[in-house]
>>> print(open('run.txt').read())   # compact mmCIF, C-alpha atoms
# COMPACT_ATOMS: atom_id res chain seq x y z
CA MET A 1 257.06 -16.84 -149.31
CA ALA A 2 258.80 -18.21 -146.24
CA ALA A 3 260.31 -14.79 -145.56
CA ASP A 4 256.91 -13.12 -145.89
CA GLU A 5 255.41 -15.50 -143.33
CA ALA A 6 258.40 -15.10 -141.02
CA ILE A 7 257.94 -11.31 -141.07
CA LEU A 8 254.20 -11.73 -140.47
CA THR A 9 254.91 -13.95 -137.45
CA ALA A 10 257.45 -11.50 -136.00
CA VAL A 11 255.05 -8.57 -136.48
CA ALA A 12 252.22 -10.53 -134.84
CA ARG A 13 254.44 -11.24 -131.82
CA GLY A 14 255.52 -7.62 -131.53
CA ASP A 15 259.13 -8.58 -132.25
CA SER A 16 259.23 -6.56 -135.51
CA PRO A 17 257.62 -3.28 -136.56
CA PRO A 18 255.03 -3.03 -139.34
CA THR A 19 256.99 -3.94 -142.45
CA LEU A 20 256.93 -3.06 -146.16
CA ARG A 21 259.10 -5.27 -148.35
CA PHE A 22 259.97 -5.28 -152.06
CA TYR A 23 261.55 -8.25 -153.79
CA GLY A 24 262.06 -10.07 -157.06
CA TRP A 25 262.33 -13.78 -157.85
CA GLU A 26 265.41 -15.72 -158.93
CA PRO A 27 264.93 -18.11 -160.63
CA PRO A 28 261.49 -17.18 -162.05
CA CYS A 29 258.64 -18.80 -160.16
CA LEU A 30 255.04 -19.86 -160.62
CA SER A 31 253.14 -19.21 -157.39
CA LEU A 32 249.76 -20.74 -156.65
CA GLY A 33 247.14 -19.34 -154.30
CA ARG A 34 246.64 -20.95 -150.91
CA GLY A 35 243.64 -23.03 -151.95
CA GLN A 36 244.52 -23.54 -155.62
CA PRO A 37 244.98 -27.14 -156.77
CA ALA A 38 248.63 -28.09 -157.24
CA GLU A 39 247.52 -29.81 -160.43
CA ASP A 40 246.97 -26.39 -162.04
CA ALA A 41 250.74 -26.16 -162.50
CA ASP A 42 252.33 -27.97 -165.46
CA SER A 43 255.30 -29.28 -163.49
CA ALA A 44 257.03 -30.79 -166.53
CA ALA A 45 256.89 -27.50 -168.45
CA CYS A 46 258.10 -25.59 -165.38
CA ASP A 47 261.02 -27.97 -164.88
CA ALA A 48 262.01 -27.78 -168.53
CA ALA A 49 262.09 -23.97 -168.43
CA GLY A 50 263.79 -23.67 -165.03
CA ILE A 51 260.65 -22.25 -163.44
CA THR A 52 260.22 -23.10 -159.76
CA CYS A 53 256.81 -23.53 -158.10
CA VAL A 54 255.59 -22.40 -154.69
CA ARG A 55 252.30 -22.00 -152.86
CA ARG A 56 251.47 -18.60 -151.36
CA PRO A 57 250.04 -18.17 -147.85
CA THR A 58 247.40 -15.89 -149.43
CA GLY A 59 244.54 -16.83 -151.73
CA GLY A 60 243.99 -16.05 -155.38
CA ARG A 61 245.22 -17.79 -158.50
CA ALA A 62 248.51 -18.45 -160.28
CA ILE A 63 251.08 -15.72 -160.98
CA LEU A 64 254.26 -16.06 -163.02
CA HIS A 65 256.89 -14.07 -161.14
CA ARG A 66 259.17 -12.98 -163.95
CA ASP A 67 259.97 -9.44 -165.11
CA GLU A 68 258.06 -8.02 -162.16
CA LEU A 69 258.19 -6.47 -158.70
CA THR A 70 256.53 -8.02 -155.67
CA TYR A 71 255.59 -6.02 -152.58
CA SER A 72 254.47 -7.28 -149.18
CA ILE A 73 253.08 -5.49 -146.13
CA ALA A 74 252.77 -6.97 -142.63
CA LEU A 75 250.69 -5.09 -140.05
CA PRO A 76 249.43 -5.97 -136.56
CA LEU A 77 245.64 -5.97 -136.47
CA ASP A 78 245.62 -3.34 -133.72
CA ASP A 79 247.31 -0.89 -136.11
CA PRO A 80 244.71 1.64 -137.37
CA ARG A 81 245.84 0.96 -140.95
CA ALA A 82 244.61 -2.61 -140.51
CA ALA A 83 241.29 -1.61 -138.96
CA GLY A 84 238.04 -3.01 -140.30
CA TYR A 85 237.38 -5.94 -142.54
CA ILE A 86 239.76 -7.23 -145.19
CA LEU A 87 238.41 -5.01 -147.95
CA GLU A 88 238.83 -1.86 -145.86
CA SER A 89 242.52 -2.41 -145.21
CA TYR A 90 242.92 -3.57 -148.79
CA ARG A 91 241.44 -0.24 -149.95
CA ARG A 92 243.88 1.78 -147.81
CA ILE A 93 246.88 -0.09 -149.18
CA SER A 94 245.48 0.19 -152.70
CA GLU A 95 245.32 3.98 -152.30
CA GLY A 96 249.05 4.05 -151.57
CA LEU A 97 249.89 1.80 -154.51
CA ALA A 98 247.80 3.99 -156.82
CA GLU A 99 249.44 7.17 -155.54
CA GLY A 100 252.90 5.76 -156.18
CA LEU A 101 251.99 4.67 -159.71
CA ARG A 102 250.51 8.06 -160.51
CA ALA A 103 253.85 9.61 -159.58
CA LEU A 104 255.34 7.52 -162.40
CA GLY A 105 252.76 8.94 -164.81
CA VAL A 106 250.49 5.90 -164.83
CA PRO A 107 246.81 6.81 -165.43
CA VAL A 108 245.60 4.31 -162.85
CA GLU A 109 242.07 3.60 -161.71
CA ARG A 110 240.80 1.23 -159.05
CA ALA A 111 238.17 -1.39 -159.65
CA ALA A 112 234.82 -0.84 -157.97
CA PRO A 113 234.35 -2.65 -154.65
CA GLY A 114 232.43 -5.86 -154.70
CA LYS A 115 232.74 -9.57 -154.21
CA ALA A 116 235.86 -11.26 -155.44
CA PRO A 117 235.08 -13.19 -158.62
CA ALA A 118 234.72 -16.94 -158.59
CA ASP A 119 238.01 -18.74 -159.17
CA ALA A 120 237.04 -20.21 -162.53
CA THR A 121 240.39 -19.35 -164.08
CA PRO A 122 243.82 -20.62 -163.00
CA ALA A 123 245.49 -17.24 -163.76
CA CYS A 124 245.33 -14.30 -161.35
CA PHE A 125 245.61 -11.58 -163.99
CA GLU A 126 242.49 -12.68 -165.85
CA THR A 127 240.16 -11.67 -163.00
CA LEU A 128 239.57 -8.32 -161.30
CA ALA A 129 238.56 -7.77 -157.67
CA GLY A 130 237.45 -4.67 -155.79
CA TYR A 131 240.03 -1.87 -155.47
CA GLU A 132 242.58 -3.62 -157.66
CA ILE A 133 244.75 -1.31 -159.78
CA THR A 134 243.78 -0.99 -163.44
CA VAL A 135 244.73 1.05 -166.51
CA GLY A 136 242.08 1.45 -169.17
CA GLY A 137 240.10 -1.36 -167.59
CA ARG A 138 243.07 -3.76 -167.74
CA LYS A 139 244.56 -5.20 -164.55
CA LEU A 140 248.00 -3.80 -163.66
CA MET A 141 248.48 -5.20 -160.14
CA GLY A 142 247.23 -8.36 -158.47
CA SER A 143 247.15 -8.54 -154.64
CA ALA A 144 245.87 -10.81 -151.89
CA GLN A 145 245.63 -10.70 -148.12
CA PHE A 146 245.92 -13.26 -145.33
CA ARG A 147 245.11 -12.73 -141.65
CA THR A 148 246.01 -14.53 -138.46
CA SER A 149 244.38 -13.62 -135.17
CA LYS A 150 246.97 -10.87 -134.57
CA ALA A 151 248.34 -9.60 -137.90
CA LEU A 152 247.78 -9.37 -141.64
CA LEU A 153 249.99 -9.99 -144.62
CA GLN A 154 249.18 -8.44 -147.98
CA HIS A 155 251.37 -8.96 -150.99
CA GLY A 156 251.02 -8.43 -154.70
CA SER A 157 252.65 -8.37 -158.11
CA LEU A 158 253.44 -5.46 -160.45
CA PRO A 159 254.51 -6.71 -163.91
CA LEU A 160 257.19 -4.33 -165.18
CA TYR A 161 257.41 -5.60 -168.76
CA GLY A 162 257.16 -8.78 -170.83
CA ASP A 163 254.30 -10.95 -172.02
CA LEU A 164 251.71 -11.56 -169.32
CA ALA A 165 250.29 -14.39 -171.40
CA GLY A 166 253.55 -16.30 -170.86
CA ILE A 167 252.07 -17.90 -167.75
CA VAL A 168 249.87 -20.05 -169.97
CA ASP A 169 252.89 -22.15 -170.96
CA PHE A 170 253.21 -23.32 -167.36
CA LEU A 171 249.58 -24.13 -166.55
CA ALA A 172 248.14 -27.60 -166.99
CA LEU A 173 245.50 -26.90 -169.64
CA PRO A 174 244.35 -28.54 -172.87
CA GLU A 175 245.90 -26.80 -175.87
CA ALA A 176 242.67 -25.14 -176.98
CA GLU A 177 242.12 -23.69 -173.50
CA ARG A 178 245.73 -22.52 -173.40
CA GLU A 179 245.30 -20.47 -176.55
CA ALA A 180 241.96 -19.02 -175.40
CA LEU A 181 243.45 -17.97 -172.05
CA ARG A 182 246.49 -16.53 -173.79
CA GLN A 183 244.26 -14.29 -175.91
CA ARG A 184 242.15 -13.22 -172.92
CA LEU A 185 245.18 -12.25 -170.84
CA ARG A 186 246.46 -9.99 -173.61
CA THR A 187 243.24 -7.98 -173.34
CA THR A 188 242.51 -8.16 -169.59
CA ALA A 189 245.99 -7.39 -168.20
CA ILE A 190 248.75 -4.84 -168.82
CA THR A 191 252.39 -4.29 -167.80
CA LEU A 192 253.83 -1.07 -166.41
CA GLU A 193 255.89 -0.58 -169.57
CA GLN A 194 252.78 -0.90 -171.73
CA ALA A 195 250.86 1.49 -169.48
CA ILE A 196 253.28 4.42 -169.87
CA ALA A 197 255.16 3.45 -173.05
CA ARG A 198 258.59 3.41 -171.41
CA PRO A 199 260.64 0.93 -169.37
CA VAL A 200 260.67 1.32 -165.60
CA SER A 201 263.39 -0.33 -163.52
CA PHE A 202 262.73 -2.36 -160.38
CA ALA A 203 264.42 0.34 -158.28
CA GLU A 204 262.37 3.17 -159.79
CA ALA A 205 259.10 1.29 -159.34
CA ALA A 206 259.93 0.30 -155.75
CA GLU A 207 260.83 3.87 -154.80
CA ALA A 208 257.60 5.24 -156.27
CA LEU A 209 255.43 2.64 -154.52
CA ALA A 210 257.27 3.17 -151.23
CA GLN A 211 256.67 6.91 -151.34
CA GLY A 212 253.03 6.47 -152.34
CA LEU A 213 252.39 4.04 -149.51
CA ALA A 214 254.23 6.23 -147.00
CA ARG A 215 252.03 9.21 -147.89
CA ALA A 216 248.75 7.31 -148.06
CA LEU A 217 249.34 5.39 -144.82
CA ASN A 218 251.04 8.31 -143.04
CA VAL A 219 254.17 6.41 -142.09
CA ARG A 220 257.91 7.07 -142.08
CA LEU A 221 259.87 4.29 -143.73
CA VAL A 222 263.21 3.13 -142.32
CA GLU A 223 265.29 0.73 -144.42
CA ALA A 224 266.48 -2.42 -142.63
CA ASP A 225 267.41 -6.05 -143.20
CA LEU A 226 265.44 -9.02 -141.94
CA SER A 227 266.15 -9.64 -138.26
CA PRO A 228 268.16 -12.74 -137.27
CA GLN A 229 264.96 -14.24 -135.84
CA GLU A 230 263.09 -13.64 -139.13
CA VAL A 231 265.93 -15.20 -141.14
CA LYS A 232 265.98 -18.26 -138.87
CA LEU A 233 262.21 -18.74 -139.07
CA ALA A 234 262.23 -18.21 -142.86
CA HIS A 235 264.78 -21.00 -143.29
CA HIS A 236 262.66 -23.27 -141.10
CA LEU A 237 259.47 -22.48 -143.02
CA ARG A 238 261.21 -23.04 -146.35
CA ASN A 239 262.39 -26.48 -145.27
CA GLU A 240 259.25 -27.58 -143.44
CA LYS A 241 256.48 -25.94 -145.48
CA TYR A 242 257.13 -23.92 -148.62
CA GLY A 243 259.49 -26.48 -150.15
CA ASP A 244 256.42 -28.60 -150.96
CA ILE A 245 253.76 -27.03 -153.19
CA ARG A 246 251.22 -29.46 -151.70
CA TRP A 247 251.52 -28.13 -148.14
CA HIS A 248 247.99 -26.69 -147.97
CA ALA A 249 246.38 -29.95 -149.07
CA ALA A 250 248.33 -31.77 -146.38
CA ARG A 251 247.24 -29.30 -143.69
CA ARG A 252 243.62 -29.42 -144.78
CA ALA A 253 243.61 -33.10 -143.96
CA GLY A 254 244.00 -31.93 -140.35
CA ALA A 255 242.99 -28.56 -138.95
CA ASP A 256 244.14 -25.28 -140.45
CA ARG A 257 244.72 -22.90 -137.54
CA HIS A 258 244.63 -19.65 -139.51
CA PRO A 259 241.56 -17.93 -140.96
CA VAL A 260 242.09 -16.86 -144.54
CA GLY A 261 240.88 -13.78 -146.33
CA ALA A 262 241.84 -13.33 -149.95
CA VAL A 263 241.30 -10.81 -152.67
CA PRO A 264 242.63 -12.68 -155.71
>>> encode(input="run.txt", output="structure tokens")
Amino acid sequence: MAADEAILTAVARGDSPPTLRFYGWEPPCLSLGRGQPAEDADSAACDAAGITCVRRPTGGRAILHRDELTYSIALPLDDPRAAGYILESYRRISEGLAEGLRALGVPVERAAPGKAPADATPACFETLAGYEITVGGRKLMGSAQFRTSKALLQHGSLPLYGDLAGIVDFLALPEAEREALRQRLRTTAITLEQAIARPVSFAEAAEALAQGLARALNVRLVEADLSPQEVKLAHHLRNEKYGDIRWHAARRAGADRHPVGAVP
């Protein structure tokens, strides 16, 4: 998360070009949305299983980053691909994600536009927002977007395989609610492997999404490492901000300088 914000900052300053990034998580991690209560995480269960916890700069609800691929896109707001309101740029990016998944043989659809649902659930993959990627009505990808005055960051999760209901073990819920949420997730969400009845590697999924986004957004992708400035800022942000899951609550006690737009 610190690296994502460092890239966003560099793009906003004009020090880095618009950036698409793919990454995984080691060790596995439970990420909470920007405004989600830290108490939603069962810290004892996470510690016992070696699951780390972090707060995202974007909104939405909890995601268990395990057996999955995460993408992020940083764009300056004067880029035509970022034009319009949050949902418009979200739709453009969603088109690229869908095109890449179709190349893998995934019969994807996109949810109808509309208001993001109320955050009544602690788990991202139980709810569905406009233009999110679905298969047979079940959510395949969860994404969210954050904007500063000069740039946007959108990132999201593509579960490759595994049990999406596994997140329930790491949420602070009464046992009866845990079991109910576990059952709901097994009907509202789907992994890539379930969607096409074959395993897909991280590399294969990343390549397909990259090509789909390149075509839909009309860009040429050039592979590169993080710049030295991005690496330096990422280390600073990790130490000063993302190392504490409570950082948003602490900032809200003062003034939060950045407007937030989220599609959970």
>>> residues_around(input="run.txt", residues="Glu109 (chain A)", least_positions_apart="4", cutoff="8 Å", atoms="all atoms listed in the file", output="PyMOL selection string")
chain A and resi 98+133-137
>>> closest_residue(input="run.txt", among="A:Glu193, A:Trp25, A:Asp47, A:Ala62", to="Thr121 (chain A)", atoms="all atoms listed in the file")
A:Ala62
>>> atom_distance(input="run.txt", atom1="CA of Gln36 (chain A)", atom2="CA of Leu8 (chain A)")
21.5 Å
>>> closest_residue(input="run.txt", among="A:Met141, A:Ala2, A:Leu185, A:Leu97", to="Glu207 (chain A)", atoms="all atoms listed in the file")
A:Leu97
>>> closest_residue(input="run.txt", among="A:Leu64, A:Ala44, A:Ala74, A:Ile7", to="Gly166 (chain A)", atoms="only C-alpha atoms")
A:Leu64
>>> closest_residue(input="run.txt", among="A:Ala197, A:Ala234, A:Ile245, A:Leu181", to="Ser31 (chain A)", atoms="only C-alpha atoms")
A:Ile245
>>> closest_residue(input="run.txt", among="A:Val54, A:Ala6, A:Asp40, A:Leu164", to="Asp67 (chain A)", atoms="all atoms listed in the file")
A:Leu164
>>> atom_distance(input="run.txt", atom1="CA of Pro57 (chain A)", atom2="CA of Arg246 (chain A)")
12.0 Å
>>> residues_around(input="run.txt", residues="Phe125 (chain A)", least_positions_apart="3", cutoff="7 Å", atoms="all atoms listed in the file", output="PyMOL selection string")
chain A and resi 139+142+185+189
>>> build_atoms(input="run.txt", residues="region 69-99 of chain A", atoms="N, CA and C atoms", output="compact mmCIF listing (two decimals), in the coordinates of the input")
# COMPACT_ATOMS: atom_id res chain seq x y z
N LEU A 69 257.87 -6.86 -160.07
CA LEU A 69 258.19 -6.47 -158.70
C LEU A 69 257.09 -7.02 -157.80
N THR A 70 257.50 -7.57 -156.67
CA THR A 70 256.53 -8.02 -155.67
C THR A 70 256.68 -7.15 -154.42
N TYR A 71 255.56 -6.73 -153.84
CA TYR A 71 255.59 -6.02 -152.58
C TYR A 71 254.90 -6.88 -151.53
N SER A 72 255.24 -6.68 -150.27
CA SER A 72 254.47 -7.28 -149.18
C SER A 72 254.41 -6.30 -148.02
N ILE A 73 253.30 -6.35 -147.30
CA ILE A 73 253.08 -5.49 -146.13
C ILE A 73 252.57 -6.38 -145.00
N ALA A 74 253.21 -6.26 -143.83
CA ALA A 74 252.77 -6.97 -142.63
C ALA A 74 252.40 -5.93 -141.58
N LEU A 75 251.19 -6.04 -141.04
CA LEU A 75 250.69 -5.09 -140.05
C LEU A 75 250.02 -5.85 -138.89
N PRO A 76 250.23 -5.40 -137.65
CA PRO A 76 249.43 -5.97 -136.56
C PRO A 76 247.98 -5.51 -136.70
N LEU A 77 247.05 -6.32 -136.29
CA LEU A 77 245.64 -5.97 -136.47
C LEU A 77 245.19 -4.82 -135.57
N ASP A 78 245.98 -4.49 -134.54
CA ASP A 78 245.62 -3.34 -133.72
C ASP A 78 246.17 -2.03 -134.29
N ASP A 79 246.86 -2.09 -135.41
CA ASP A 79 247.31 -0.89 -136.11
C ASP A 79 246.10 -0.28 -136.82
N PRO A 80 245.88 1.03 -136.72
CA PRO A 80 244.71 1.64 -137.37
C PRO A 80 244.67 1.42 -138.87
N ARG A 81 245.81 1.19 -139.50
CA ARG A 81 245.84 0.96 -140.95
C ARG A 81 245.29 -0.42 -141.31
N ALA A 82 245.18 -1.28 -140.31
CA ALA A 82 244.61 -2.61 -140.51
C ALA A 82 243.18 -2.71 -140.02
N ALA A 83 242.62 -1.59 -139.57
CA ALA A 83 241.29 -1.61 -138.96
C ALA A 83 240.22 -2.01 -139.97
N GLY A 84 239.17 -2.63 -139.46
CA GLY A 84 238.04 -3.01 -140.30
C GLY A 84 238.22 -4.37 -140.93
N TYR A 85 237.33 -4.66 -141.86
CA TYR A 85 237.38 -5.94 -142.54
C TYR A 85 238.49 -5.93 -143.60
N ILE A 86 238.68 -7.07 -144.23
CA ILE A 86 239.76 -7.23 -145.19
C ILE A 86 239.70 -6.17 -146.28
N LEU A 87 238.51 -5.93 -146.83
CA LEU A 87 238.41 -5.01 -147.95
C LEU A 87 238.75 -3.58 -147.56
N GLU A 88 238.51 -3.22 -146.30
CA GLU A 88 238.83 -1.86 -145.86
C GLU A 88 240.34 -1.63 -145.82
N SER A 89 241.07 -2.55 -145.24
CA SER A 89 242.52 -2.41 -145.21
C SER A 89 243.10 -2.55 -146.61
N TYR A 90 242.49 -3.40 -147.41
CA TYR A 90 242.92 -3.57 -148.79
C TYR A 90 242.77 -2.24 -149.55
N ARG A 91 241.67 -1.53 -149.29
CA ARG A 91 241.44 -0.24 -149.95
C ARG A 91 242.51 0.77 -149.55
N ARG A 92 242.86 0.82 -148.26
CA ARG A 92 243.88 1.78 -147.81
C ARG A 92 245.22 1.51 -148.49
N ILE A 93 245.61 0.25 -148.54
CA ILE A 93 246.88 -0.09 -149.18
C ILE A 93 246.81 0.21 -150.67
N SER A 94 245.66 -0.09 -151.28
CA SER A 94 245.48 0.19 -152.70
C SER A 94 245.63 1.68 -153.01
N GLU A 95 245.17 2.54 -152.11
CA GLU A 95 245.32 3.98 -152.30
C GLU A 95 246.80 4.36 -152.40
N GLY A 96 247.62 3.77 -151.53
CA GLY A 96 249.05 4.05 -151.57
C GLY A 96 249.71 3.54 -152.83
N LEU A 97 249.34 2.35 -153.27
CA LEU A 97 249.89 1.80 -154.51
C LEU A 97 249.53 2.70 -155.69
N ALA A 98 248.26 3.13 -155.72
CA ALA A 98 247.80 3.99 -156.82
C ALA A 98 248.53 5.32 -156.81
N GLU A 99 248.75 5.88 -155.62
CA GLU A 99 249.44 7.17 -155.54
C GLU A 99 250.88 7.04 -156.05
